[in-house]
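Containing mmCIF, C-alpha atoms: run_11.cif.
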```cif
data_protein
#
loop_
_atom_site.label_atom_id
_atom_site.label_comp_id
_atom_site.auth_asym_id
_atom_site.auth_seq_id
_atom_site.Cartn_x
_atom_site.Cartn_y
_atom_site.Cartn_z
CA MET A 241 -6.90 49.59 41.89
CA HIS A 242 -8.11 46.38 43.49
CA ILE A 243 -5.53 43.62 43.16
CA GLY A 244 -6.87 41.00 45.50
CA ASN A 245 -5.84 39.75 48.90
CA ASP A 246 -4.17 36.50 47.92
CA ARG A 247 -0.99 37.13 45.94
CA SER A 248 0.62 33.76 46.66
CA SER A 249 -0.39 32.32 43.29
CA ASN A 250 1.16 35.20 41.35
CA HIS A 251 4.62 33.66 41.60
CA GLN A 252 3.47 30.92 39.24
CA LYS A 253 2.21 33.38 36.64
CA THR A 254 4.07 34.74 33.64
CA LEU A 255 4.31 38.51 33.56
CA VAL A 256 3.40 40.18 30.27
CA ILE A 257 4.23 43.82 29.56
CA VAL A 258 2.61 45.27 26.45
CA GLY A 259 2.26 48.68 24.89
CA PRO A 260 2.85 50.62 21.69
CA THR A 261 6.24 51.03 20.10
CA GLY A 262 8.46 53.45 21.97
CA SER A 263 6.51 53.20 25.22
CA GLY A 264 9.38 51.88 27.33
CA LYS A 265 8.31 48.23 27.64
CA THR A 266 11.80 46.83 27.26
CA ASP A 267 13.49 49.09 29.81
CA VAL A 268 10.90 48.48 32.51
CA ALA A 269 10.92 44.73 31.79
CA ILE A 270 14.71 44.66 32.22
CA ASN A 271 14.50 46.52 35.54
CA ILE A 272 11.85 44.10 36.80
CA ALA A 273 13.87 41.11 35.62
CA LEU A 274 16.90 42.34 37.54
CA LYS A 275 14.86 42.79 40.71
CA LEU A 276 12.80 39.59 40.55
CA GLY A 277 15.20 37.21 38.83
CA GLY A 278 13.45 37.15 35.48
CA GLU A 279 14.29 36.56 31.85
CA ILE A 280 12.64 38.32 28.94
CA ILE A 281 10.86 36.93 25.89
CA SER A 282 10.57 39.63 23.23
CA ALA A 283 7.18 39.67 21.48
CA ASP A 284 8.22 42.03 18.71
CA SER A 285 7.76 41.02 15.09
CA ARG A 286 10.59 43.35 14.04
CA ALA A 287 13.18 42.22 16.60
CA ILE A 288 13.10 38.65 15.26
CA TYR A 289 15.19 39.66 12.24
CA ARG A 290 18.96 39.40 12.27
CA GLY A 291 20.86 42.44 11.09
CA MET A 292 17.98 44.82 11.80
CA ASP A 293 19.37 46.27 14.99
CA ILE A 294 19.47 50.06 14.87
CA GLY A 295 16.37 50.49 12.71
CA THR A 296 14.20 48.37 14.98
CA ALA A 297 15.61 49.87 18.19
CA LYS A 298 16.65 46.51 19.60
CA PRO A 299 18.17 46.71 23.06
CA THR A 300 21.95 46.60 22.96
CA MET A 301 23.96 44.21 25.11
CA GLU A 302 24.68 47.13 27.43
CA GLU A 303 20.99 48.02 27.68
CA MET A 304 20.09 44.40 28.47
CA LYS A 305 22.16 44.73 31.67
CA GLY A 306 22.99 41.03 31.68
CA VAL A 307 19.35 39.90 31.52
CA ARG A 308 18.85 36.97 29.18
CA HIS A 309 16.58 37.75 26.23
CA PHE A 310 14.66 35.35 24.02
CA GLY A 311 12.90 36.17 20.75
CA ILE A 312 15.62 38.36 19.23
CA ASP A 313 17.57 37.55 16.02
CA LEU A 314 15.66 34.37 15.27
CA VAL A 315 15.53 34.51 11.46
CA ASP A 316 17.01 36.37 8.50
CA PRO A 317 14.91 39.02 6.75
CA GLY A 318 12.81 37.18 4.17
CA GLU A 319 12.54 33.99 6.22
CA ARG A 320 9.04 32.99 7.26
CA PHE A 321 8.15 33.37 10.93
CA THR A 322 4.48 33.43 11.88
CA ALA A 323 2.41 33.84 15.02
CA VAL A 324 2.21 30.04 15.07
CA ASP A 325 6.00 29.88 15.19
CA PHE A 326 6.11 32.51 17.91
CA LYS A 327 3.58 30.70 20.08
CA GLU A 328 5.60 27.48 19.90
CA TYR A 329 8.86 29.32 20.50
CA CYS A 330 7.46 31.34 23.41
CA ARG A 331 5.90 28.35 25.14
CA SER A 332 9.20 26.49 24.91
CA ALA A 333 11.10 29.50 26.28
CA MET A 334 8.66 29.88 29.17
CA ILE A 335 9.18 26.25 30.18
CA ASP A 336 12.96 26.68 29.96
CA ILE A 337 12.89 29.83 32.11
CA LYS A 338 10.58 28.35 34.76
CA THR A 339 12.58 25.13 34.91
CA ARG A 340 15.60 27.19 35.93
CA GLY A 341 13.62 28.93 38.66
CA LYS A 342 13.31 32.25 36.83
CA LEU A 343 10.30 34.46 36.11
CA PRO A 344 9.29 34.59 32.42
CA ILE A 345 8.53 38.15 31.30
CA ILE A 346 6.97 38.55 27.86
CA ALA A 347 7.50 42.09 26.58
CA GLY A 348 6.37 43.47 23.27
CA GLY A 349 3.86 45.27 21.16
CA THR A 350 2.97 42.71 18.49
CA GLY A 351 -0.58 41.95 19.57
CA LEU A 352 -1.02 38.77 17.58
CA TYR A 353 2.15 37.29 19.05
CA VAL A 354 1.01 38.06 22.58
CA ASP A 355 -2.58 36.90 22.06
CA ALA A 356 -1.44 33.64 20.48
CA VAL A 357 0.14 32.80 23.82
CA ILE A 358 -2.17 34.28 26.45
CA TYR A 359 -5.35 33.14 24.68
CA ASP A 360 -3.79 29.83 23.62
CA TYR A 361 -4.86 30.25 20.00
CA GLN A 362 -5.39 26.97 18.21
CA PHE A 363 -4.25 27.77 14.70
CA SER A 364 -5.49 25.89 11.66
CA ASP A 365 -4.64 26.70 8.06
CA ILE A 366 -5.68 30.31 8.64
CA VAL A 367 -3.08 32.23 10.60
CA LYS A 368 -4.91 35.56 10.81
CA LYS A 369 -6.68 36.06 14.14
CA THR A 370 -8.91 38.85 15.41
CA CYS A 371 -10.58 39.80 18.66
CA SER A 372 -13.51 37.55 17.75
CA ASP A 373 -11.24 34.54 18.15
CA ARG A 374 -10.65 35.32 21.82
CA VAL A 375 -12.53 33.20 24.30
CA GLU A 376 -10.90 33.67 27.69
CA MET A 377 -7.42 34.79 28.62
CA SER A 378 -5.48 32.17 30.50
CA SER A 379 -5.21 32.78 34.24
CA ASP A 380 -1.52 31.85 33.97
CA PHE A 381 -0.66 35.42 32.94
CA ILE A 382 -0.66 38.90 34.43
CA VAL A 383 -0.78 41.47 31.63
CA ILE A 384 0.25 45.08 32.19
CA GLY A 385 0.02 47.82 29.55
CA VAL A 386 2.25 50.90 29.41
CA GLN A 387 0.04 53.97 29.27
CA TRP A 388 1.03 57.34 27.79
CA GLU A 389 -0.83 60.46 26.74
CA ARG A 390 -0.75 60.88 22.95
CA ASP A 391 1.51 63.94 23.01
CA GLU A 392 3.91 62.23 25.40
CA LEU A 393 4.18 59.14 23.24
CA ARG A 394 4.68 61.21 20.10
CA ALA A 395 7.52 63.06 21.83
CA ARG A 396 9.12 59.76 22.88
CA LEU A 397 8.95 58.47 19.30
CA THR A 398 10.57 61.64 18.00
CA LYS A 399 13.38 61.36 20.55
CA ARG A 400 13.97 57.71 19.69
CA LEU A 401 14.06 58.43 15.94
CA ASN A 402 16.58 61.21 16.47
CA LYS A 403 18.75 58.72 18.34
CA ILE A 404 18.40 56.17 15.52
CA PHE A 405 19.46 58.73 12.91
CA ALA A 406 22.42 59.71 15.06
CA GLN A 407 23.63 56.11 14.93
CA ASN A 408 24.97 54.20 11.91
CA ILE A 409 21.54 53.60 10.35
CA VAL A 410 22.81 54.44 6.86
CA GLN A 411 25.45 51.70 6.91
CA GLU A 412 22.97 49.21 8.39
CA THR A 413 20.47 49.99 5.63
CA LYS A 414 23.13 49.65 2.93
CA GLN A 415 24.24 46.29 4.32
CA LEU A 416 20.68 44.95 4.53
CA VAL A 417 19.89 46.00 0.95
CA GLN A 418 23.06 44.34 -0.32
CA GLU A 419 22.29 41.09 1.49
CA TYR A 420 18.51 40.83 1.19
CA GLY A 421 17.24 43.34 -1.37
CA TRP A 422 13.68 44.67 -1.16
CA GLY A 423 11.78 41.45 -1.80
CA SER A 424 10.71 40.70 1.76
CA GLN A 425 8.03 42.30 3.91
CA ALA A 426 10.63 42.69 6.65
CA MET A 427 12.51 45.21 4.52
CA LYS A 428 9.41 47.04 3.36
CA SER A 429 7.72 47.51 6.72
CA ASN A 430 10.56 49.04 8.69
CA ILE A 431 12.44 52.32 8.62
CA TYR A 432 14.85 51.16 5.93
CA PRO A 433 12.92 52.25 2.79
CA ILE A 434 12.78 55.78 4.20
CA VAL A 435 16.50 55.81 4.95
CA TRP A 436 17.20 54.43 1.49
CA ARG A 437 15.28 57.33 -0.08
CA MET A 438 17.38 59.71 1.99
CA MET A 439 20.58 57.97 0.90
CA ASN A 440 19.54 58.41 -2.72
CA ASN A 441 18.75 62.12 -2.18
CA ASP A 442 15.05 61.66 -2.86
CA ILE A 443 14.29 63.27 0.50
CA THR A 444 16.26 65.30 3.04
CA VAL A 445 17.37 64.10 6.45
CA GLY A 446 14.64 66.23 8.01
CA GLU A 447 11.99 64.70 5.76
CA ALA A 448 13.28 61.21 6.54
CA LYS A 449 12.99 61.86 10.26
CA ARG A 450 9.49 63.27 9.88
CA LEU A 451 8.31 60.33 7.79
CA SER A 452 9.89 57.85 10.21
CA VAL A 453 8.13 59.39 13.21
CA LEU A 454 4.87 59.33 11.28
CA GLU A 455 5.40 55.67 10.39
CA ASP A 456 6.05 54.76 14.03
CA TRP A 457 3.07 56.83 15.16
CA HIS A 458 0.75 54.94 12.82
CA LEU A 459 2.20 51.66 14.08
CA ALA A 460 1.66 52.74 17.69
CA LYS A 461 -1.98 53.59 17.00
CA ARG A 462 -2.57 50.22 15.35
CA GLN A 463 -0.96 48.45 18.29
CA LEU A 464 -3.07 50.36 20.81
CA THR A 465 -6.26 49.60 18.88
CA TRP A 466 -5.44 45.90 19.06
CA LEU A 467 -4.39 45.91 22.71
CA LYS A 468 -7.36 47.94 23.95
CA ARG A 469 -9.66 45.07 22.96
CA ASN A 470 -8.28 43.02 25.83
CA LYS A 471 -10.15 44.23 28.91
CA LYS A 472 -7.91 42.15 31.19
CA ILE A 473 -4.89 44.37 30.57
CA ILE A 474 -3.97 46.50 33.59
CA TRP A 475 -2.97 49.90 32.18
CA LEU A 476 -0.42 51.85 34.20
CA ARG A 477 1.92 54.75 33.59
CA LEU A 478 5.53 53.73 33.10
CA ASP A 479 6.66 55.08 36.47
CA GLU A 480 3.96 53.05 38.27
CA ILE A 481 4.68 49.65 36.81
CA GLU A 482 7.72 48.52 38.80
CA ASP A 483 6.21 49.16 42.24
CA TYR A 484 2.98 47.48 41.18
CA VAL A 485 4.76 44.38 39.91
CA TYR A 486 7.01 44.15 42.98
CA TYR A 487 3.90 44.18 45.16
CA LEU A 488 2.25 41.43 43.11
CA TYR A 489 5.27 39.11 43.13
CA ARG A 490 6.79 39.68 46.53
#
```
Just give me the structure as structure tokens.
Amino acid sequence: MHIGNDRSSNHQKTLVIVGPTGSGKTDVAINIALKLGGEIISADSRAIYRGMDIGTAKPTMEEMKGVRHFGIDLVDPGERFTAVDFKEYCRSAMIDIKTRGKLPIIAGGTGLYVDAVIYDYQFSDIVKKTCSDRVEMSSDFIVIGVQWERDELRARLTKRLNKIFAQNIVQETKQLVQEYGWGSQAMKSNIYPIVWRMMNNDITVGEAKRLSVLEDWHLAKRQLTWLKRNKKIIWLRLDEIEDYVYYLYR
């Protein structure tokens, strides 16, 4: 792939790593941050909610490996947080990170969050944005997408869901229901309704796992449909990304 002869300007650019849920964005972003002195801004509309840790597969403190993360645990389930809010938050975090001489790395699969920043969306009263709103992606960003074959991604999602069910997802679900009920979209659009059905013996553990994988698979396909509209994304397999980024920023 042609990447140009002059890489000197890349050091001023924010790195963006996108991809569907379960594709490994967070892990590779952390490895890059450790190598290049970066800090991560999560662009995940599920990770913003406090208390939703296991069910949204947030990175643990151990998995973060000491890398500072922004964009996690910003609001309680039920609190309003829009793409407008994320754009403002992300821009502020980017300035903070750069001011301290670090590399901002935006990592996530929520396409509207990412596009709000890289296309500098000017929101009015209407928050919903589509590909027709895109004019030109800012040259201040390098955007890399994590690429998987469908069967590979499906297998990764299954493995991740098995890990989630092996953790204390039942207690987390019970706690969230007690504190927030089912009134918010945050509670309805995650794994928790499926786990709740399992807890109430409406479905078996096996059925809950199957439905959860299916839910994540549908989410992944929606995310890919959105991301594929951006022809400026450089799609690479997970094991290619680190070497590519190190070359760009060295």
Practice task
Using the chain letters and numbering of this document, enumerate as a ChimeraX atom specification the residues selected by the PyMOL selection byres ((chain A and resi 435-446) around 10).
Solution key: /A:295,405,409-414,417,430-434,447-452
query = Taking the file as shown, what set of residues would the PyMOL selection byres ((chain A and resi 311) around 10) give back, as a PyMOL selection string?
reply = chain A and resi 280-285+287-289+309-310+312-315+326+329-330+333+346-347
Taking all atoms listed in the file into account, name the residue in A:Gly341, A:Tyr359, A:Tyr353, A:Lys265 that is nearest to A:Met377.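 Smallest distance to A:Met377 is found for A:Tyr359.
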Quick one: residues within 12 Å of A:Leu397, only C-alpha atoms counted, chain neighbours fewer than 6 positions away excluded, as an MDAnalysis selection string?
chainID A and resid 260:264 297 388 390:391 403:404 449:460
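When the PyMOL selection byres ((chain A and resi 305) around 10) is evaluated on the file shown here, the picked residues come out as Asp267, Ile270, Asn271, Ala273, Leu274, Pro299, Thr300, Met301, Glu302, Glu303, Met304, Gly306, Val307 and Arg308 of chain A.
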Please list as a PyMOL selection string every residue within 12 Å of A:Tyr489, counting all atoms listed in the file and excluding residues in the same chain fewer than 4 positions away.
chain A and resi 243+246-255+272-273+275-278+343+382+482-485
Next item on the list: Can you work out which one of A:Thr350, A:Asn402, A:Ser379, A:Gln415 has the shortest atom-to-atom distance to A:Gln463, counting only C-alpha atoms?
Entry: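 Between A:Thr350, A:Asn402, A:Ser379, A:Gln415, the residue approaching A:Gln463 most closely is A:Thr350.
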Restricting the calculation to only C-alpha atoms, which member of A:Asn408, A:Glu389, A:Gly423, A:Phe381 is positioned closest to A:Ile345?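 Among the listed residues, A:Phe381 lies closest to A:Ile345.
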| message | I need the residue nearest A:Tyr420 from this list: A:Val256, A:Val268, A:Met292, A:Ala406. Use only C-alpha atoms for the distance. | response |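 That would be A:Met292, the residue with the smallest distance to A:Tyr420.
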*Just how far from atom CA of A:Ala323 is atom CA of A:Val354, in Å to one decimal?*
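Between atom CA of A:Val354 and atom CA of A:Ala323 the gap works out to 8.8 Å.
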Quick one: everything within 8 Å of A:Ile384, counting all atoms listed in the file, minus sequence neighbours fewer than 3 positions away in the same chain. Send it as a PyMOL selection string. chain A and resi 255-258+473-476+481
Using all atoms listed in the file, the residue out of A:Gln387, A:Ile358, A:Trp422, A:Lys428 with shortest distance to A:Glu480 is A:Gln387
Given the choices A:Gly318, A:Gly385, A:Pro344, A:Gly291, which gets closest to A:Ser424 if the distance is worked out from only C-alpha atoms?
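Once distances to A:Ser424 are computed over only C-alpha atoms, the minimum belongs to A:Gly318.
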For stretch 407-417 of chain A, take all atoms listed in the file, fit an axis-aligned box around them, add 6 Å to each of the six sides, then output centre and edge lengths in Å rounded to one decimal, as AutoDock Vina command-line options.
```
--center_x 22.7 --center_y 50.5 --center_z 7.9 --size_x 17.6 --size_y 23.2 --size_z 26.0
```
